[in-house]
>>> print(open('start.tsv').read())   # TSV, C-alpha atoms
chain	number	residue	atom	x	y	z
A	1113	MET	CA	-126.65	57.12	-46.36
A	1114	SER	CA	-129.29	54.47	-47.13
A	1115	VAL	CA	-131.08	51.94	-44.98
A	1116	PRO	CA	-129.77	48.36	-45.44
A	1117	ILE	CA	-132.16	46.07	-47.32
A	1118	VAL	CA	-132.50	42.31	-46.85
A	1119	ARG	CA	-134.76	40.07	-48.90
A	1120	THR	CA	-134.59	36.61	-47.35
A	1121	VAL	CA	-135.65	35.13	-44.02
A	1122	ALA	CA	-132.19	33.63	-43.55
A	1123	GLU	CA	-130.44	36.98	-43.99
A	1124	LEU	CA	-132.96	38.71	-41.75
A	1125	ARG	CA	-132.48	36.17	-38.96
A	1126	ARG	CA	-128.70	36.41	-39.16
A	1127	THR	CA	-128.92	40.17	-38.72
A	1128	VAL	CA	-131.34	39.91	-35.79
A	1129	ALA	CA	-129.15	37.24	-34.17
A	1130	ASP	CA	-126.20	39.65	-34.27
A	1131	TRP	CA	-128.33	42.34	-32.65
A	1132	ARG	CA	-129.48	39.90	-29.98
A	1133	ALA	CA	-125.88	39.00	-29.21
A	1134	ASP	CA	-125.40	42.65	-28.26
A	1135	ARG	CA	-128.54	42.55	-26.10
A	1136	ASN	CA	-130.50	44.88	-28.37
A	1137	ARG	CA	-134.27	45.23	-28.12
A	1138	VAL	CA	-135.87	44.83	-31.55
A	1139	ALA	CA	-139.04	46.44	-32.96
A	1140	VAL	CA	-140.86	45.85	-36.23
A	1141	VAL	CA	-143.08	48.17	-38.26
A	1142	PRO	CA	-144.98	46.09	-40.86
A	1143	THR	CA	-145.97	48.02	-44.02
A	1144	MET	CA	-146.97	47.47	-47.62
A	1145	GLY	CA	-144.77	50.35	-48.73
A	1146	ALA	CA	-145.80	53.62	-50.39
A	1147	LEU	CA	-144.63	55.17	-47.15
A	1148	HIS	CA	-145.99	58.47	-45.86
A	1149	GLU	CA	-145.69	60.44	-42.65
A	1150	GLY	CA	-148.08	58.05	-40.91
A	1151	HIS	CA	-145.65	55.17	-41.44
A	1152	LEU	CA	-142.68	57.32	-40.46
A	1153	SER	CA	-144.43	58.26	-37.21
A	1154	LEU	CA	-144.59	54.54	-36.39
A	1155	VAL	CA	-140.87	54.21	-37.03
A	1156	ARG	CA	-140.18	57.13	-34.69
A	1157	ALA	CA	-142.38	55.56	-32.01
A	1158	ALA	CA	-140.49	52.28	-32.42
A	1159	LEU	CA	-137.11	54.03	-32.19
A	1160	ALA	CA	-138.19	55.55	-28.88
A	1161	GLU	CA	-138.76	52.08	-27.41
A	1162	ALA	CA	-136.24	49.80	-29.12
A	1163	ASP	CA	-132.53	49.65	-29.93
A	1164	ARG	CA	-133.06	48.34	-33.46
A	1165	VAL	CA	-136.04	48.88	-35.78
A	1166	ILE	CA	-136.99	46.75	-38.77
A	1167	VAL	CA	-139.46	48.10	-41.33
A	1168	THR	CA	-141.02	45.42	-43.49
A	1169	LEU	CA	-142.27	46.09	-47.02
A	1170	PHE	CA	-144.43	43.44	-48.61
A	1171	VAL	CA	-147.53	44.02	-50.73
A	1172	ASN	CA	-149.46	41.05	-49.43
A	1173	PRO	CA	-151.66	39.48	-52.13
A	1174	LYS	CA	-153.59	37.44	-49.58
A	1175	GLN	CA	-155.29	40.51	-48.10
A	1176	PHE	CA	-156.61	41.96	-51.36
A	1177	ASN	CA	-160.14	41.17	-52.53
A	1178	SER	CA	-159.55	42.40	-56.07
A	1179	ALA	CA	-156.79	41.59	-58.56
A	1180	ALA	CA	-157.19	45.09	-59.98
A	1181	ASP	CA	-156.75	46.64	-56.53
A	1182	LEU	CA	-153.61	44.58	-55.97
A	1183	ALA	CA	-152.20	45.59	-59.35
A	1184	ALA	CA	-152.95	49.27	-58.70
A	1185	TYR	CA	-151.33	49.36	-55.26
A	1186	PRO	CA	-148.26	51.64	-55.45
A	1187	ARG	CA	-144.86	49.98	-55.31
A	1188	THR	CA	-142.16	52.49	-54.42
A	1189	GLU	CA	-139.30	50.60	-52.76
A	1190	VAL	CA	-136.56	53.03	-53.80
A	1191	GLU	CA	-138.48	56.05	-52.56
A	1192	ASP	CA	-139.47	54.23	-49.37
A	1193	ALA	CA	-135.87	53.34	-48.55
A	1194	ALA	CA	-134.87	56.97	-49.09
A	1195	LYS	CA	-137.56	58.14	-46.66
A	1196	LEU	CA	-136.51	55.68	-43.97
A	1197	ALA	CA	-132.80	56.52	-43.91
A	1198	PRO	CA	-133.04	59.99	-42.30
A	1199	VAL	CA	-135.62	58.77	-39.78
A	1200	GLY	CA	-133.17	56.21	-38.45
A	1201	ALA	CA	-134.64	52.78	-39.27
A	1202	HIS	CA	-131.96	50.11	-39.06
A	1203	LEU	CA	-133.22	47.62	-41.65
A	1204	LEU	CA	-135.73	47.33	-44.48
A	1205	TYR	CA	-136.99	43.78	-45.04
A	1206	CYS	CA	-138.36	43.33	-48.57
A	1207	PRO	CA	-139.22	39.69	-49.30
A	1208	ASP	CA	-140.77	38.76	-52.62
A	1209	GLY	CA	-143.84	36.58	-53.01
A	1210	GLY	CA	-141.82	33.39	-53.34
A	1211	GLU	CA	-139.93	34.09	-50.11
A	1212	MET	CA	-143.09	34.82	-48.15
A	1213	TYR	CA	-145.29	32.14	-49.72
A	1214	PRO	CA	-142.98	29.45	-51.15
A	1215	SER	CA	-144.24	26.61	-53.32
A	1216	GLY	CA	-146.64	24.41	-51.40
A	1217	PHE	CA	-147.59	27.04	-48.86
A	1218	SER	CA	-150.97	25.98	-47.47
A	1219	THR	CA	-151.48	27.57	-44.05
A	1220	THR	CA	-153.98	30.27	-43.16
A	1221	VAL	CA	-154.20	32.04	-39.80
A	1222	SER	CA	-157.72	33.18	-38.94
A	1223	VAL	CA	-158.83	35.38	-36.04
A	1224	ALA	CA	-162.53	35.25	-35.19
A	1225	GLY	CA	-164.56	37.78	-33.24
A	1226	VAL	CA	-162.85	41.13	-33.77
A	1227	SER	CA	-162.39	40.40	-37.49
A	1228	GLU	CA	-166.15	40.11	-38.03
A	1229	GLY	CA	-168.29	43.01	-39.21
A	1230	LEU	CA	-166.96	46.40	-40.31
A	1231	CYS	CA	-164.23	45.80	-42.93
A	1232	GLY	CA	-164.50	42.07	-42.30
A	1233	ALA	CA	-168.06	42.07	-43.63
A	1234	PHE	CA	-167.16	43.83	-46.87
A	1235	ARG	CA	-163.74	42.30	-47.52
A	1236	PRO	CA	-164.14	38.53	-47.08
A	1237	GLY	CA	-160.84	36.83	-46.36
A	1238	HIS	CA	-159.01	40.13	-45.90
A	1239	PHE	CA	-158.22	39.66	-42.22
A	1240	ASP	CA	-157.18	36.04	-42.78
A	1241	GLY	CA	-154.59	37.44	-45.18
A	1242	VAL	CA	-153.53	40.09	-42.67
A	1243	SER	CA	-153.29	37.57	-39.82
A	1244	THR	CA	-151.29	35.11	-41.89
A	1245	VAL	CA	-148.70	37.60	-43.10
A	1246	VAL	CA	-148.38	39.33	-39.72
A	1247	ALA	CA	-147.88	35.99	-37.96
A	1248	LYS	CA	-145.11	35.20	-40.44
A	1249	LEU	CA	-143.49	38.63	-40.03
A	1250	PHE	CA	-143.54	38.32	-36.24
A	1251	LEU	CA	-141.89	34.90	-36.46
A	1252	GLN	CA	-139.42	35.93	-39.15
A	1253	THR	CA	-138.22	39.07	-37.36
A	1254	GLY	CA	-138.40	37.70	-33.81
A	1255	ALA	CA	-139.17	41.25	-32.71
A	1256	ASP	CA	-139.99	42.24	-29.13
A	1257	LEU	CA	-142.28	45.08	-30.16
A	1258	ALA	CA	-144.58	45.84	-33.10
A	1259	PHE	CA	-146.13	49.17	-34.07
A	1260	PHE	CA	-149.36	49.68	-36.03
A	1261	GLY	CA	-151.44	52.77	-36.81
A	1262	GLU	CA	-154.85	53.32	-35.27
A	1263	LYS	CA	-156.25	54.37	-38.65
A	1264	ASP	CA	-156.69	50.65	-39.32
A	1265	TYR	CA	-158.39	50.21	-35.97
A	1266	GLN	CA	-160.02	46.85	-36.63
A	1267	GLN	CA	-156.73	45.51	-37.99
A	1268	LEU	CA	-155.00	46.65	-34.80
A	1269	HIS	CA	-157.49	44.64	-32.72
A	1270	VAL	CA	-157.02	41.60	-34.98
A	1271	VAL	CA	-153.24	41.74	-34.61
A	1272	LYS	CA	-153.42	42.15	-30.82
A	1273	ARG	CA	-155.79	39.19	-30.58
A	1274	LEU	CA	-153.53	37.12	-32.82
A	1275	ALA	CA	-150.45	37.77	-30.68
A	1276	ALA	CA	-152.31	37.13	-27.42
A	1277	ASP	CA	-154.04	33.94	-28.55
A	1278	LEU	CA	-150.88	32.39	-30.00
A	1279	ASP	CA	-148.73	33.38	-27.01
A	1280	MET	CA	-146.37	35.33	-29.23
A	1281	PRO	CA	-143.70	37.08	-27.14
A	1282	ILE	CA	-144.28	40.44	-28.77
A	1283	GLU	CA	-145.90	43.66	-27.52
A	1284	VAL	CA	-148.25	45.24	-30.06
A	1285	THR	CA	-148.65	49.02	-29.79
A	1286	GLY	CA	-151.20	51.19	-31.58
A	1287	CYS	CA	-150.17	54.73	-32.55
A	1288	PRO	CA	-152.42	57.74	-33.27
A	1289	THR	CA	-153.67	58.43	-36.78
A	1290	ILE	CA	-151.65	61.08	-38.61
A	1291	ARG	CA	-153.75	63.57	-40.55
A	1292	GLU	CA	-153.36	66.24	-43.19
A	1293	PRO	CA	-153.99	69.82	-41.98
A	1294	ASP	CA	-157.56	69.55	-43.31
A	1295	GLY	CA	-158.19	66.36	-41.29
A	1296	LEU	CA	-157.87	63.69	-43.96
A	1297	ALA	CA	-156.22	60.59	-42.51
A	1298	LEU	CA	-152.97	59.80	-44.30
A	1299	SER	CA	-153.25	56.72	-46.51
A	1300	SER	CA	-151.31	55.27	-49.41
A	1301	ARG	CA	-154.61	55.19	-51.29
A	1302	ASN	CA	-155.03	58.97	-51.13
A	1303	VAL	CA	-152.84	59.33	-54.22
A	1304	ARG	CA	-155.69	57.81	-56.23
A	1305	LEU	CA	-157.98	60.75	-55.48
A	1306	SER	CA	-158.56	63.28	-58.25
A	1307	PRO	CA	-158.08	66.97	-57.35
A	1308	GLU	CA	-161.85	67.33	-57.07
A	1309	GLN	CA	-162.17	64.25	-54.86
A	1310	ARG	CA	-159.31	65.44	-52.68
A	1311	VAL	CA	-161.38	68.53	-51.84
A	1312	VAL	CA	-164.31	66.33	-50.76
A	1313	ALA	CA	-162.26	63.71	-48.90
A	1314	PRO	CA	-161.79	65.60	-45.58
A	1315	ALA	CA	-165.56	65.48	-45.03
A	1316	LEU	CA	-165.11	61.96	-43.68
A	1317	ALA	CA	-163.00	63.11	-40.73
A	1318	ARG	CA	-165.03	66.27	-40.25
A	1319	VAL	CA	-168.30	64.37	-40.00
A	1320	LEU	CA	-166.82	61.72	-37.70
A	1321	PHE	CA	-165.41	64.25	-35.24
A	1322	SER	CA	-168.73	66.13	-35.19
A	1323	MET	CA	-170.61	62.90	-34.53
A	1324	ALA	CA	-168.18	61.97	-31.75
A	1325	ASP	CA	-168.79	65.27	-30.00
A	1326	ARG	CA	-172.57	64.81	-30.19
A	1327	ILE	CA	-172.49	61.23	-28.86
A	1328	ALA	CA	-170.01	62.14	-26.10
A	1329	SER	CA	-172.42	64.91	-25.07
A	1330	GLY	CA	-175.21	62.38	-24.60
A	1331	ALA	CA	-176.98	62.27	-27.97
A	1332	PRO	CA	-178.38	58.82	-28.82
A	1333	ALA	CA	-176.24	57.05	-31.39
A	1334	ALA	CA	-178.87	55.92	-33.91
A	1335	PRO	CA	-179.98	59.34	-35.18
A	1336	VAL	CA	-176.41	60.64	-35.09
A	1337	LEU	CA	-175.27	57.72	-37.24
A	1338	ALA	CA	-178.11	58.24	-39.70
A	1339	ASP	CA	-177.35	61.96	-39.91
A	1340	GLY	CA	-173.64	61.29	-40.41
A	1341	ARG	CA	-174.33	58.91	-43.28
A	1342	ALA	CA	-176.57	61.51	-44.94
A	1343	GLN	CA	-173.91	64.20	-44.52
A	1344	LEU	CA	-171.24	62.08	-46.19
A	1345	LEU	CA	-173.47	61.32	-49.16
A	1346	ALA	CA	-174.40	65.00	-49.46
A	1347	ALA	CA	-170.72	65.96	-49.35
A	1348	GLY	CA	-169.99	63.84	-52.42
A	1349	TYR	CA	-169.19	60.32	-51.21
A	1350	ARG	CA	-170.94	57.88	-53.54
A	1351	GLU	CA	-171.41	55.11	-50.96
A	1352	VAL	CA	-171.07	54.68	-47.21
A	1353	GLU	CA	-170.10	51.06	-46.69
A	1354	TYR	CA	-170.45	51.25	-42.93
A	1355	LEU	CA	-170.66	53.86	-40.21
A	1356	GLU	CA	-170.84	52.32	-36.75
A	1357	LEU	CA	-170.27	52.96	-33.07
A	1358	ARG	CA	-168.24	50.20	-31.41
A	1359	SER	CA	-166.60	49.61	-28.04
A	1360	ALA	CA	-163.01	50.83	-28.08
A	1361	ASP	CA	-161.98	47.76	-26.06
A	1362	ASP	CA	-163.38	44.84	-28.05
A	1363	LEU	CA	-165.25	46.32	-31.05
A	1364	SER	CA	-168.62	45.10	-29.81
A	1365	PRO	CA	-171.56	47.28	-30.94
A	1366	VAL	CA	-172.63	49.97	-28.45
A	1367	ASP	CA	-175.46	52.49	-28.40
A	1368	ASP	CA	-173.87	55.30	-26.41
A	1369	ALA	CA	-170.67	56.56	-24.83
A	1370	ALA	CA	-171.23	55.00	-21.41
A	1371	ARG	CA	-167.80	53.43	-21.92
A	1372	PRO	CA	-164.98	54.45	-24.30
A	1373	ALA	CA	-166.19	53.93	-27.84
A	1374	ARG	CA	-164.99	54.40	-31.39
A	1375	LEU	CA	-166.78	55.64	-34.49
A	1376	LEU	CA	-165.59	53.68	-37.53
A	1377	ALA	CA	-166.42	54.30	-41.17
A	1378	ALA	CA	-165.61	53.13	-44.68
A	1379	ALA	CA	-166.86	55.13	-47.64
A	1380	TRP	CA	-166.26	55.27	-51.38
A	1381	LEU	CA	-165.17	58.46	-53.10
A	1382	GLY	CA	-165.28	57.63	-56.77
A	1383	GLU	CA	-163.33	54.38	-57.09
A	1384	THR	CA	-161.30	54.94	-53.92
A	1385	ARG	CA	-162.30	53.35	-50.64
A	1386	LEU	CA	-161.37	55.43	-47.61
A	1387	ILE	CA	-161.53	54.33	-43.98
A	1388	ASP	CA	-161.26	56.35	-40.80
A	1389	ASN	CA	-162.18	56.23	-37.13
A	1390	VAL	CA	-162.24	58.60	-34.19
A	1391	PRO	CA	-162.50	58.06	-30.42
A	1392	VAL	CA	-165.67	58.83	-28.48
A	1393	PRO	CA	-164.51	59.16	-24.87
A	1394	SER	CA	-167.07	58.48	-22.16
A	1395	GLY	CA	-168.18	61.54	-20.25
A	1396	THR	CA	-166.05	64.13	-22.06
A	1397	LEU	CA	-166.07	65.86	-25.41
A	1398	SER	CA	-163.58	64.77	-28.07
A	1399	ASN	CA	-161.43	67.33	-29.84
A	1400	ALA	CA	-161.14	67.72	-33.60
>>> encode(input="start.tsv", output="structure tokens")
Amino acid sequence: MSVPIVRTVAELRRTVADWRADRNRVAVVPTMGALHEGHLSLVRAALAEADRVIVTLFVNPKQFNSAADLAAYPRTEVEDAAKLAPVGAHLLYCPDGGEMYPSGFSTTVSVAGVSEGLCGAFRPGHFDGVSTVVAKLFLQTGADLAFFGEKDYQQLHVVKRLAADLDMPIEVTGCPTIREPDGLALSSRNVRLSPEQRVVAPALARVLFSMADRIASGAPAAPVLADGRAQLLAAGYREVEYLELRSADDLSPVDDAARPARLLAAAWLGETRLIDNVPVPSGTLSNA
């Protein structure tokens, strides 16, 4: 048994209209494909809340800062569809570039505030691309619910702000990061790591969880952040793009764990950029 695939907005809307006629609640899980257990966990979360679940697969050129990065992004539609069928997704929506951005397309959706700093500082235009495609996917699917992973924590905030500001009738839910047994956050980009780099990669999560425990215990953030950056470089990361403590609620910079906070990092291992984040609860220790 395989998951049905549709490729046009018209076909997608006809299917959703039929579901609506039967009073079904609809959820969407937006992806760029190369699905792994992190994506599948989002589908399971959606199935627990909705009657019908759409997974979207579109490698969005507008959110890439490099043509080489876009070209290298894995495209595995057949394998992705095979992974979705046993999980129970009801539909895979796979538009091509012309369907998503037809001739003459000239609109950009931009979310200020939460998109600034962190990844926004190092990937100019990235979140405009994310906001534009997500707005289109929300409108195309007409879903009641949307599910995103917390690994892309800044993206989650951008999408929630987008839906709230534009009065979109959709509930956006963030789901916990899924990790390998050694702590590495699952990511489609992990396949680019060499065997040697894969051994080093879990240091990112290990250092973040250690830092979170120290800050939650009352240690001042500045020296902890400096020490964490040094540890990542010593472990074998060639560059730490950012390593910051931000409010969990609005991503504003904070200096301690007086309120729930989040440690967020982006670091380069060879030619692969990895991101991760961990919670720093106020007043209690976090668990690795």
>>> atom_distance(input="start.tsv", atom1="CA of Leu1203 in chain A", atom2="CA of Arg1187 in chain A")
18.1 Å
>>> closest_atom_pairs(input="start.tsv", of="range 1223-1306 of chain A", to="range 1312-1319 of chain A", cutoff="12 Å", atoms="all atoms listed in the file", output="JSON lines")
{"residue": "A:Lys1263", "atom": "CA", "partner": "A:Ala1317", "partner_atom": "CA", "distance": 11.2}
{"residue": "A:Thr1289", "atom": "CA", "partner": "A:Ala1317", "partner_atom": "CA", "distance": 11.2}
{"residue": "A:Ile1290", "atom": "CA", "partner": "A:Ala1317", "partner_atom": "CA", "distance": 11.7}
{"residue": "A:Arg1291", "atom": "CA", "partner": "A:Ala1317", "partner_atom": "CA", "distance": 9.3}
{"residue": "A:Glu1292", "atom": "CA", "partner": "A:Pro1314", "partner_atom": "CA", "distance": 8.8}
{"residue": "A:Pro1293", "atom": "CA", "partner": "A:Pro1314", "partner_atom": "CA", "distance": 9.6}
{"residue": "A:Asp1294", "atom": "CA", "partner": "A:Pro1314", "partner_atom": "CA", "distance": 6.2}
{"residue": "A:Gly1295", "atom": "CA", "partner": "A:Pro1314", "partner_atom": "CA", "distance": 5.7}
{"residue": "A:Leu1296", "atom": "CA", "partner": "A:Pro1314", "partner_atom": "CA", "distance": 4.7}
{"residue": "A:Ala1297", "atom": "CA", "partner": "A:Ala1317", "partner_atom": "CA", "distance": 7.4}
{"residue": "A:Leu1298", "atom": "CA", "partner": "A:Pro1314", "partner_atom": "CA", "distance": 10.6}
{"residue": "A:Ser1299", "atom": "CA", "partner": "A:Ala1313", "partner_atom": "CA", "distance": 11.7}
{"residue": "A:Arg1301", "atom": "CA", "partner": "A:Ala1313", "partner_atom": "CA", "distance": 11.7}
{"residue": "A:Asn1302", "atom": "CA", "partner": "A:Ala1313", "partner_atom": "CA", "distance": 8.9}
{"residue": "A:Val1303", "atom": "CA", "partner": "A:Ala1313", "partner_atom": "CA", "distance": 11.7}
{"residue": "A:Arg1304", "atom": "CA", "partner": "A:Ala1313", "partner_atom": "CA", "distance": 11.5}
{"residue": "A:Leu1305", "atom": "CA", "partner": "A:Ala1313", "partner_atom": "CA", "distance": 8.4}
{"residue": "A:Ser1306", "atom": "CA", "partner": "A:Val1312", "partner_atom": "CA", "distance": 9.9}
>>> closest_residue(input="start.tsv", among="A:Ala1233, A:Gly1286, A:Val1311, A:Asp1256", to="Glu1353 in chain A", atoms="only C-alpha atoms")
A:Ala1233
>>> residues_near_point(input="start.tsv", point="(-130.7, 38.1, -35.4)", cutoff="12 Å", atoms="all atoms listed in the file", output="list in words")
Val1121, Ala1122, Glu1123, Leu1124, Arg1125, Arg1126, Thr1127, Val1128, Ala1129, Asp1130, Trp1131, Arg1132, Ala1133, Asp1134, Arg1135, Asn1136, Arg1137, Val1138, Arg1164, Ile1166, Leu1203, Leu1251, Gln1252, Thr1253, Gly1254, Ala1255 and Asp1256 of chain A
>>> residues_around(input="start.tsv", residues="Ala1331 in chain A", least_positions_apart="4", cutoff="12 Å", atoms="only C-alpha atoms", output="PyMOL selection string")
chain A and resi 1322-1327+1335-1337+1339+1367-1370+1392+1395+1397
>>> write_last_selection(input="start.tsv", atoms="C-alpha atoms", output="PDB file, keeping the file's coordinate frame")
ATOM      1  CA  SER A1322    -168.730  66.130 -35.190  1.00  0.00           C
ATOM      2  CA  MET A1323    -170.610  62.900 -34.530  1.00  0.00           C
ATOM      3  CA  ALA A1324    -168.180  61.970 -31.750  1.00  0.00           C
ATOM      4  CA  ASP A1325    -168.790  65.270 -30.000  1.00  0.00           C
ATOM      5  CA  ARG A1326    -172.570  64.810 -30.190  1.00  0.00           C
ATOM      6  CA  ILE A1327    -172.490  61.230 -28.860  1.00  0.00           C
ATOM      7  CA  PRO A1335    -179.980  59.340 -35.180  1.00  0.00           C
ATOM      8  CA  VAL A1336    -176.410  60.640 -35.090  1.00  0.00           C
ATOM      9  CA  LEU A1337    -175.270  57.720 -37.240  1.00  0.00           C
ATOM     10  CA  ASP A1339    -177.350  61.960 -39.910  1.00  0.00           C
ATOM     11  CA  ASP A1367    -175.460  52.490 -28.400  1.00  0.00           C
ATOM     12  CA  ASP A1368    -173.870  55.300 -26.410  1.00  0.00           C
ATOM     13  CA  ALA A1369    -170.670  56.560 -24.830  1.00  0.00           C
ATOM     14  CA  ALA A1370    -171.230  55.000 -21.410  1.00  0.00           C
ATOM     15  CA  VAL A1392    -165.670  58.830 -28.480  1.00  0.00           C
ATOM     16  CA  GLY A1395    -168.180  61.540 -20.250  1.00  0.00           C
ATOM     17  CA  LEU A1397    -166.070  65.860 -25.410  1.00  0.00           C
TER      18      LEU A1397
END
>>> atom_distance(input="start.tsv", atom1="CA of Ile1117 in chain A", atom2="CA of Leu1204 in chain A")
4.7 Å
>>> atom_distance(input="start.tsv", atom1="CA of Ala1193 in chain A", atom2="CA of Ser1300 in chain A")
15.6 Å
>>> closest_residue(input="start.tsv", among="A:Glu1308, A:Asp1362, A:Asp1264, A:Asp1208", to="Arg1119 in chain A", atoms="all atoms listed in the file")
A:Asp1208
>>> axis_aligned_box(input="start.tsv", around="range 1144-1161 of chain A", padding_each_side="6 Å", output="JSON")
{"center_x": -142.6, "center_y": 54.0, "center_z": -38.9, "size_x": 23.0, "size_y": 25.0, "size_z": 35.0}
>>> residues_around(input="start.tsv", residues="Tyr1265 in chain A", least_positions_apart="6", cutoff="9 Å", atoms="only C-alpha atoms", output="compact mmCIF listing (two decimals) with C-alpha atoms, keeping the file's coordinate frame")
# COMPACT_ATOMS: atom_id res chain seq x y z
CA GLY A 1286 -151.20 51.19 -31.58
CA LEU A 1376 -165.59 53.68 -37.53
CA ASP A 1388 -161.26 56.35 -40.80
CA ASN A 1389 -162.18 56.23 -37.13
>>> residues_around(input="start.tsv", residues="Gly1382 in chain A", least_positions_apart="2", cutoff="10 Å", atoms="all atoms listed in the file", output="PyMOL selection string")
chain A and resi 1304-1306+1309+1348-1351+1379-1380+1384-1385
>>> closest_residue(input="start.tsv", among="A:Ala1139, A:Ser1364, A:Ala1378, A:Ser1394", to="Pro1281 in chain A", atoms="only C-alpha atoms")
A:Ala1139
>>> closest_residue(input="start.tsv", among="A:Ala1258, A:Ala1201, A:Leu1375, A:Val1140", to="Ala1328 in chain A", atoms="only C-alpha atoms")
A:Leu1375
>>> closest_residue(input="start.tsv", among="A:Asp1277, A:Lys1272, A:Leu1381, A:Pro1307", to="Leu1345 in chain A", atoms="all atoms listed in the file")
A:Leu1381
>>> closest_residue(input="start.tsv", among="A:Val1199, A:Leu1154, A:Val1226, A:Val1165", to="Gln1267 in chain A", atoms="all atoms listed in the file")
A:Val1226
>>> residues_around(input="start.tsv", residues="Gly1145 in chain A", least_positions_apart="6", cutoff="9 Å", atoms="only C-alpha atoms", output="number ranges by chain")
A: 1151, 1168-1171, 1186-1189, 1192, 1300
